[in-house]
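What follows is the content of my_file.pdb (PDB, C-alpha atoms).
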ATOM      1  CA  MET A 279      65.026 -99.796 -18.149  1.00  0.00           C
ATOM      2  CA  ASP A 280      68.043 -99.140 -20.406  1.00  0.00           C
ATOM      3  CA  ILE A 281      67.499 -95.389 -20.260  1.00  0.00           C
ATOM      4  CA  ILE A 282      67.510 -95.420 -16.474  1.00  0.00           C
ATOM      5  CA  TYR A 283      70.665 -97.533 -16.474  1.00  0.00           C
ATOM      6  CA  ASP A 284      72.405 -95.190 -18.915  1.00  0.00           C
ATOM      7  CA  THR A 285      71.425 -92.140 -16.881  1.00  0.00           C
ATOM      8  CA  GLU A 286      72.612 -93.750 -13.658  1.00  0.00           C
ATOM      9  CA  TYR A 287      75.924 -94.752 -15.219  1.00  0.00           C
ATOM     10  CA  TYR A 288      76.737 -91.300 -16.554  1.00  0.00           C
ATOM     11  CA  ALA A 289      75.608 -89.555 -13.353  1.00  0.00           C
ATOM     12  CA  HIS A 290      77.271 -91.980 -10.925  1.00  0.00           C
ATOM     13  CA  GLY A 291      79.992 -90.767  -8.574  1.00  0.00           C
ATOM     14  CA  THR A 292      81.277 -87.542  -7.165  1.00  0.00           C
ATOM     15  CA  PRO A 293      81.815 -84.527  -9.424  1.00  0.00           C
ATOM     16  CA  ALA A 294      85.572 -85.255  -9.405  1.00  0.00           C
ATOM     17  CA  GLU A 295      84.969 -88.887 -10.440  1.00  0.00           C
ATOM     18  CA  ARG A 296      82.607 -87.829 -13.208  1.00  0.00           C
ATOM     19  CA  TRP A 297      85.104 -85.205 -14.414  1.00  0.00           C
ATOM     20  CA  GLU A 298      87.792 -87.895 -14.610  1.00  0.00           C
ATOM     21  CA  ARG A 299      85.405 -90.304 -16.380  1.00  0.00           C
ATOM     22  CA  ALA A 300      84.464 -87.602 -18.893  1.00  0.00           C
ATOM     23  CA  ARG A 301      88.124 -86.852 -19.594  1.00  0.00           C
ATOM     24  CA  LEU A 302      88.812 -90.554 -20.151  1.00  0.00           C
ATOM     25  CA  PHE A 303      85.917 -90.778 -22.617  1.00  0.00           C
ATOM     26  CA  PHE A 304      87.096 -87.618 -24.356  1.00  0.00           C
ATOM     27  CA  ASP A 305      90.701 -88.829 -24.584  1.00  0.00           C
ATOM     28  CA  ALA A 306      89.408 -92.105 -26.049  1.00  0.00           C
ATOM     29  CA  LYS A 307      87.498 -90.046 -28.649  1.00  0.00           C
ATOM     30  CA  GLU A 308      84.182 -91.239 -27.221  1.00  0.00           C
ATOM     31  CA  TYR A 309      82.780 -87.728 -27.518  1.00  0.00           C
ATOM     32  CA  THR A 310      79.102 -88.591 -27.143  1.00  0.00           C
ATOM     33  CA  ALA A 311      79.765 -90.524 -23.928  1.00  0.00           C
ATOM     34  CA  ALA A 312      81.919 -87.671 -22.621  1.00  0.00           C
ATOM     35  CA  ALA A 313      79.100 -85.223 -23.373  1.00  0.00           C
ATOM     36  CA  ARG A 314      76.600 -87.369 -21.462  1.00  0.00           C
ATOM     37  CA  VAL A 315      78.768 -87.255 -18.364  1.00  0.00           C
ATOM     38  CA  LEU A 316      79.643 -83.585 -18.747  1.00  0.00           C
ATOM     39  CA  ALA A 317      76.077 -82.349 -19.354  1.00  0.00           C
ATOM     40  CA  GLY A 318      75.046 -83.393 -15.852  1.00  0.00           C
ATOM     41  CA  LEU A 319      78.251 -82.055 -14.364  1.00  0.00           C
ATOM     42  CA  VAL A 320      77.771 -78.664 -16.031  1.00  0.00           C
ATOM     43  CA  GLU A 321      74.231 -78.486 -14.622  1.00  0.00           C
ATOM     44  CA  GLU A 322      75.663 -79.169 -11.193  1.00  0.00           C
ATOM     45  CA  VAL A 323      78.558 -76.681 -11.409  1.00  0.00           C
ATOM     46  CA  PRO A 324      77.458 -74.123 -14.024  1.00  0.00           C
ATOM     47  CA  ASP A 325      80.026 -71.493 -13.041  1.00  0.00           C
ATOM     48  CA  GLN A 326      83.052 -73.695 -13.717  1.00  0.00           C
ATOM     49  CA  SER A 327      84.451 -73.116 -17.191  1.00  0.00           C
ATOM     50  CA  GLY A 328      86.508 -76.325 -17.424  1.00  0.00           C
ATOM     51  CA  PRO A 329      83.633 -78.801 -17.610  1.00  0.00           C
ATOM     52  CA  ARG A 330      81.604 -76.500 -19.867  1.00  0.00           C
ATOM     53  CA  LEU A 331      84.526 -76.040 -22.260  1.00  0.00           C
ATOM     54  CA  LEU A 332      85.165 -79.781 -22.436  1.00  0.00           C
ATOM     55  CA  LEU A 333      81.429 -80.307 -23.002  1.00  0.00           C
ATOM     56  CA  ALA A 334      81.529 -77.816 -25.881  1.00  0.00           C
ATOM     57  CA  ARG A 335      84.533 -79.623 -27.358  1.00  0.00           C
ATOM     58  CA  ALA A 336      82.766 -82.986 -27.027  1.00  0.00           C
ATOM     59  CA  TYR A 337      79.722 -81.547 -28.789  1.00  0.00           C
ATOM     60  CA  TYR A 338      81.933 -80.059 -31.509  1.00  0.00           C
ATOM     61  CA  HIS A 339      83.735 -83.330 -32.156  1.00  0.00           C
ATOM     62  CA  SER A 340      80.470 -85.273 -32.218  1.00  0.00           C
ATOM     63  CA  ALA A 341      78.994 -82.770 -34.727  1.00  0.00           C
ATOM     64  CA  GLN A 342      76.443 -81.387 -32.269  1.00  0.00           C
ATOM     65  CA  LEU A 343      77.306 -77.876 -33.384  1.00  0.00           C
ATOM     66  CA  GLY A 344      74.239 -76.088 -32.051  1.00  0.00           C
ATOM     67  CA  ARG A 345      74.894 -77.456 -28.588  1.00  0.00           C
ATOM     68  CA  ALA A 346      78.601 -76.599 -28.854  1.00  0.00           C
ATOM     69  CA  GLU A 347      77.699 -73.047 -29.829  1.00  0.00           C
ATOM     70  CA  THR A 348      75.336 -72.690 -26.855  1.00  0.00           C
ATOM     71  CA  GLU A 349      77.995 -73.808 -24.376  1.00  0.00           C
ATOM     72  CA  LEU A 350      80.706 -71.654 -25.948  1.00  0.00           C
ATOM     73  CA  ARG A 351      78.496 -68.556 -25.937  1.00  0.00           C
ATOM     74  CA  ALA A 352      77.803 -69.140 -22.224  1.00  0.00           C
ATOM     75  CA  ILE A 353      81.546 -69.231 -21.534  1.00  0.00           C
ATOM     76  CA  VAL A 354      82.312 -66.138 -23.635  1.00  0.00           C
ATOM     77  CA  GLU A 355      79.452 -64.221 -22.033  1.00  0.00           C
ATOM     78  CA  ARG A 356      80.812 -64.940 -18.569  1.00  0.00           C
ATOM     79  CA  ASP A 357      84.501 -64.614 -19.511  1.00  0.00           C
ATOM     80  CA  PRO A 358      85.008 -62.492 -22.664  1.00  0.00           C
ATOM     81  CA  VAL A 359      88.779 -62.991 -22.622  1.00  0.00           C
ATOM     82  CA  GLU A 360      88.650 -66.823 -22.659  1.00  0.00           C
ATOM     83  CA  HIS A 361      90.580 -67.088 -25.919  1.00  0.00           C
ATOM     84  CA  TYR A 362      90.145 -70.832 -26.466  1.00  0.00           C
ATOM     85  CA  ALA A 363      86.356 -70.541 -26.137  1.00  0.00           C
ATOM     86  CA  ARG A 364      86.487 -67.672 -28.662  1.00  0.00           C
ATOM     87  CA  LEU A 365      88.526 -69.797 -31.050  1.00  0.00           C
ATOM     88  CA  MET A 366      86.186 -72.769 -30.654  1.00  0.00           C
ATOM     89  CA  LEU A 367      83.137 -70.549 -31.116  1.00  0.00           C
ATOM     90  CA  GLY A 368      84.624 -69.153 -34.304  1.00  0.00           C
ATOM     91  CA  ARG A 369      85.435 -72.646 -35.604  1.00  0.00           C
ATOM     92  CA  THR A 370      81.966 -73.894 -34.650  1.00  0.00           C
ATOM     93  CA  LEU A 371      80.318 -71.042 -36.533  1.00  0.00           C
ATOM     94  CA  GLU A 372      82.594 -71.640 -39.534  1.00  0.00           C
ATOM     95  CA  ARG A 373      81.691 -75.309 -39.559  1.00  0.00           C
ATOM     96  CA  GLN A 374      78.037 -74.257 -39.747  1.00  0.00           C
ATOM     97  CA  GLY A 375      78.826 -72.034 -42.749  1.00  0.00           C
ATOM     98  CA  ARG A 376      78.388 -68.837 -40.704  1.00  0.00           C
ATOM     99  CA  HIS A 377      81.715 -67.280 -41.682  1.00  0.00           C
ATOM    100  CA  ALA A 378      80.740 -63.636 -41.122  1.00  0.00           C
ATOM    101  CA  GLU A 379      79.651 -64.429 -37.545  1.00  0.00           C
ATOM    102  CA  ALA A 380      82.821 -66.445 -36.965  1.00  0.00           C
ATOM    103  CA  ARG A 381      85.269 -63.762 -38.090  1.00  0.00           C
ATOM    104  CA  PRO A 382      85.088 -61.459 -35.020  1.00  0.00           C
ATOM    105  CA  HIS A 383      85.538 -64.373 -32.610  1.00  0.00           C
ATOM    106  CA  LEU A 384      88.524 -65.675 -34.551  1.00  0.00           C
ATOM    107  CA  ARG A 385      90.077 -62.197 -34.622  1.00  0.00           C
ATOM    108  CA  ILE A 386      89.637 -61.770 -30.881  1.00  0.00           C
ATOM    109  CA  ALA A 387      91.132 -65.223 -30.221  1.00  0.00           C
ATOM    110  CA  SER A 388      94.101 -64.356 -32.437  1.00  0.00           C
ATOM    111  CA  ALA A 389      94.635 -61.039 -30.656  1.00  0.00           C
ATOM    112  CA  PHE A 390      94.621 -62.749 -27.237  1.00  0.00           C
ATOM    113  CA  THR A 391      97.240 -65.262 -28.331  1.00  0.00           C
ATOM    114  CA  GLY A 392      99.373 -62.673 -30.135  1.00  0.00           C
ATOM    115  CA  ASP A 393      98.771 -64.324 -33.504  1.00  0.00           C
ATOM    116  CA  VAL A 394      97.538 -61.105 -35.138  1.00  0.00           C
ATOM    117  CA  ALA A 395      98.933 -62.076 -38.566  1.00  0.00           C
ATOM    118  CA  GLN A 396      95.949 -64.397 -39.053  1.00  0.00           C
ATOM    119  CA  ALA A 397      93.443 -61.876 -37.728  1.00  0.00           C
TER     120      ALA A 397
END
Could you write out this structure as structure tokens?
Amino acid sequence: MDIIYDTEYYAHGTPAERWERARLFFDAKEYTAAARVLAGLVEEVPDQSGPRLLLARAYYHSAQLGRAETELRAIVERDPVEHYARLMLGRTLERQGRHAEARPHLRIASAFTGDVAQA
């Protein structure tokens, strides 16, 4: 019964209401709760980068790095010039100890923002 209740709570409301709820959870540093709301929202609107990027950030902050990487790769595949997703992907890979894989993403993010000194 608790699982059904949890699912209903996180899926309740319109997409706009769920987006707002997810942002409130995220801002309160309740990253796992934000991810629960956002996962369903991303399934519903897979082409919107905003919810997917916030989901990736929630996964990153809750140390669900594999899931963060999956979401970030989906964003970068669809929008190769999304510099924040590139930066987050690089940081996610670094946090997993995959520095060589991270380097190109961090360089691209730096080039997009004009911060080539760090690239």
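Closest approach to Arg335 in chain A among A:Glu295, A:Met366, A:Val315, A:Ala352 is made by A:Met366 (distances from only C-alpha atoms).
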| field | From A:Arg296, A:Ile386, A:Arg314, A:Ser340, residue lying nearest Pro358 in chain A [all atoms listed in the file] | value | A:Ile386
| field | Within-10 Å shell of (85.3, -68.5, -29.5) in input frame, only C-alpha atoms, as a list of chain:residue names | value |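 Checking each residue against the 10 Å limit leaves A:Glu347, A:Leu350, A:Arg351, A:Ile353, A:Val354, A:Pro358, A:Val359, A:Glu360, A:His361, A:Tyr362, A:Ala363, A:Arg364, A:Leu365, A:Met366, A:Leu367, A:Gly368, A:Arg369, A:Thr370, A:Leu371, A:Ala380, A:Arg381, A:Pro382, A:His383, A:Leu384, A:Arg385, A:Ile386, A:Ala387.
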| message | With only C-alpha atoms as the counted atoms, please give the residues lying no more than 7 Å from range 320-334 of chain A, apart from itself and same-chain residues fewer than 3 positions off, as a count of residues only. | response | 10
| task | Rounded to one decimal place, report the CA of Gln342 in chain A-CA of Ala389 in chain A distance in Å. | result |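 Atom-to-atom, CA of Gln342 in chain A and CA of Ala389 in chain A are spaced 27.3 Å apart.
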| message | Which residue is closest to Arg373 in chain A? Choose from A:Gly291, A:Gly344, A:Gly392, A:Gly318 and count only C-alpha atoms. | response |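 Answer, going by the shortest atom-to-atom distance: A:Gly344.
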| said: I'd like to know which of A:Ala336, A:Ala378, A:Ala341, A:Ala300 is closest to Tyr287 in chain A, using all atoms listed in the file. | reply: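 Counting all atoms listed in the file, the residue closest to Tyr287 in chain A is A:Ala300.
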| At what distance in Å, to one decimal, does CA of Glu308 in chain A lie from CA of Asp357 in chain A? |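 CA of Glu308 in chain A lies 27.7 Å from CA of Asp357 in chain A.
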| field | Top pick for closest residue to Arg376 in chain A, considering A:Ser388, A:Ala312, A:Leu343, A:Pro293 and counting only C-alpha atoms | value |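 Closest candidate: A:Leu343.
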| query | For Ala289 in chain A, which residue among A:Leu319, A:Leu302, A:Thr348, A:Lys307 is the nearest when counting all atoms listed in the file? | reply |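 The shortest atom-to-atom distance to Ala289 in chain A comes from A:Leu319.
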| query | What is the CA of Glu355 in chain A-CA of Glu379 in chain A distance in Å, reported with one decimal? | reply | 15.5 Å
When you get a chance, write out N, CA, C and O atoms for range 339-353 of chain A, as a PDB file, keeping the file's coordinate frame.
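selection.pdb written:
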ATOM      1  N   HIS A 339      83.158 -82.139 -31.535  1.00  0.00           N
ATOM      2  CA  HIS A 339      83.735 -83.330 -32.156  1.00  0.00           C
ATOM      3  C   HIS A 339      82.698 -84.384 -32.507  1.00  0.00           C
ATOM      4  O   HIS A 339      82.960 -85.238 -33.355  1.00  0.00           O
ATOM      5  N   SER A 340      81.534 -84.331 -31.874  1.00  0.00           N
ATOM      6  CA  SER A 340      80.470 -85.273 -32.218  1.00  0.00           C
ATOM      7  C   SER A 340      79.435 -84.618 -33.135  1.00  0.00           C
ATOM      8  O   SER A 340      78.329 -85.131 -33.294  1.00  0.00           O
ATOM      9  N   ALA A 341      79.815 -83.492 -33.740  1.00  0.00           N
ATOM     10  CA  ALA A 341      78.994 -82.770 -34.727  1.00  0.00           C
ATOM     11  C   ALA A 341      77.657 -82.287 -34.171  1.00  0.00           C
ATOM     12  O   ALA A 341      76.699 -82.129 -34.910  1.00  0.00           O
ATOM     13  N   GLN A 342      77.614 -82.003 -32.885  1.00  0.00           N
ATOM     14  CA  GLN A 342      76.443 -81.387 -32.269  1.00  0.00           C
ATOM     15  C   GLN A 342      76.734 -79.890 -32.150  1.00  0.00           C
ATOM     16  O   GLN A 342      76.928 -79.345 -31.075  1.00  0.00           O
ATOM     17  N   LEU A 343      76.784 -79.241 -33.306  1.00  0.00           N
ATOM     18  CA  LEU A 343      77.306 -77.876 -33.384  1.00  0.00           C
ATOM     19  C   LEU A 343      76.431 -76.852 -32.692  1.00  0.00           C
ATOM     20  O   LEU A 343      76.943 -75.893 -32.112  1.00  0.00           O
ATOM     21  N   GLY A 344      75.131 -77.010 -32.749  1.00  0.00           N
ATOM     22  CA  GLY A 344      74.239 -76.088 -32.051  1.00  0.00           C
ATOM     23  C   GLY A 344      74.470 -76.116 -30.550  1.00  0.00           C
ATOM     24  O   GLY A 344      74.510 -75.075 -29.893  1.00  0.00           O
ATOM     25  N   ARG A 345      74.625 -77.313 -30.025  1.00  0.00           N
ATOM     26  CA  ARG A 345      74.894 -77.456 -28.588  1.00  0.00           C
ATOM     27  C   ARG A 345      76.275 -76.894 -28.238  1.00  0.00           C
ATOM     28  O   ARG A 345      76.444 -76.253 -27.202  1.00  0.00           O
ATOM     29  N   ALA A 346      77.262 -77.153 -29.095  1.00  0.00           N
ATOM     30  CA  ALA A 346      78.601 -76.599 -28.854  1.00  0.00           C
ATOM     31  C   ALA A 346      78.535 -75.081 -28.816  1.00  0.00           C
ATOM     32  O   ALA A 346      79.106 -74.441 -27.923  1.00  0.00           O
ATOM     33  N   GLU A 347      77.831 -74.507 -29.774  1.00  0.00           N
ATOM     34  CA  GLU A 347      77.699 -73.047 -29.829  1.00  0.00           C
ATOM     35  C   GLU A 347      77.061 -72.499 -28.555  1.00  0.00           C
ATOM     36  O   GLU A 347      77.533 -71.498 -27.995  1.00  0.00           O
ATOM     37  N   THR A 348      76.018 -73.144 -28.069  1.00  0.00           N
ATOM     38  CA  THR A 348      75.336 -72.690 -26.855  1.00  0.00           C
ATOM     39  C   THR A 348      76.294 -72.669 -25.667  1.00  0.00           C
ATOM     40  O   THR A 348      76.343 -71.686 -24.914  1.00  0.00           O
ATOM     41  N   GLU A 349      77.060 -73.735 -25.500  1.00  0.00           N
ATOM     42  CA  GLU A 349      77.995 -73.808 -24.376  1.00  0.00           C
ATOM     43  C   GLU A 349      79.115 -72.771 -24.514  1.00  0.00           C
ATOM     44  O   GLU A 349      79.494 -72.126 -23.549  1.00  0.00           O
ATOM     45  N   LEU A 350      79.621 -72.613 -25.722  1.00  0.00           N
ATOM     46  CA  LEU A 350      80.706 -71.654 -25.948  1.00  0.00           C
ATOM     47  C   LEU A 350      80.234 -70.225 -25.733  1.00  0.00           C
ATOM     48  O   LEU A 350      80.958 -69.405 -25.152  1.00  0.00           O
ATOM     49  N   ARG A 351      79.028 -69.907 -26.176  1.00  0.00           N
ATOM     50  CA  ARG A 351      78.496 -68.556 -25.937  1.00  0.00           C
ATOM     51  C   ARG A 351      78.332 -68.290 -24.445  1.00  0.00           C
ATOM     52  O   ARG A 351      78.567 -67.174 -23.979  1.00  0.00           O
ATOM     53  N   ALA A 352      77.937 -69.306 -23.681  1.00  0.00           N
ATOM     54  CA  ALA A 352      77.803 -69.140 -22.224  1.00  0.00           C
ATOM     55  C   ALA A 352      79.161 -68.827 -21.595  1.00  0.00           C
ATOM     56  O   ALA A 352      79.260 -67.974 -20.708  1.00  0.00           O
ATOM     57  N   ILE A 353      80.209 -69.492 -22.067  1.00  0.00           N
ATOM     58  CA  ILE A 353      81.546 -69.231 -21.534  1.00  0.00           C
ATOM     59  C   ILE A 353      82.001 -67.823 -21.895  1.00  0.00           C
ATOM     60  O   ILE A 353      82.487 -67.076 -21.042  1.00  0.00           O
TER      61      ILE A 353
END
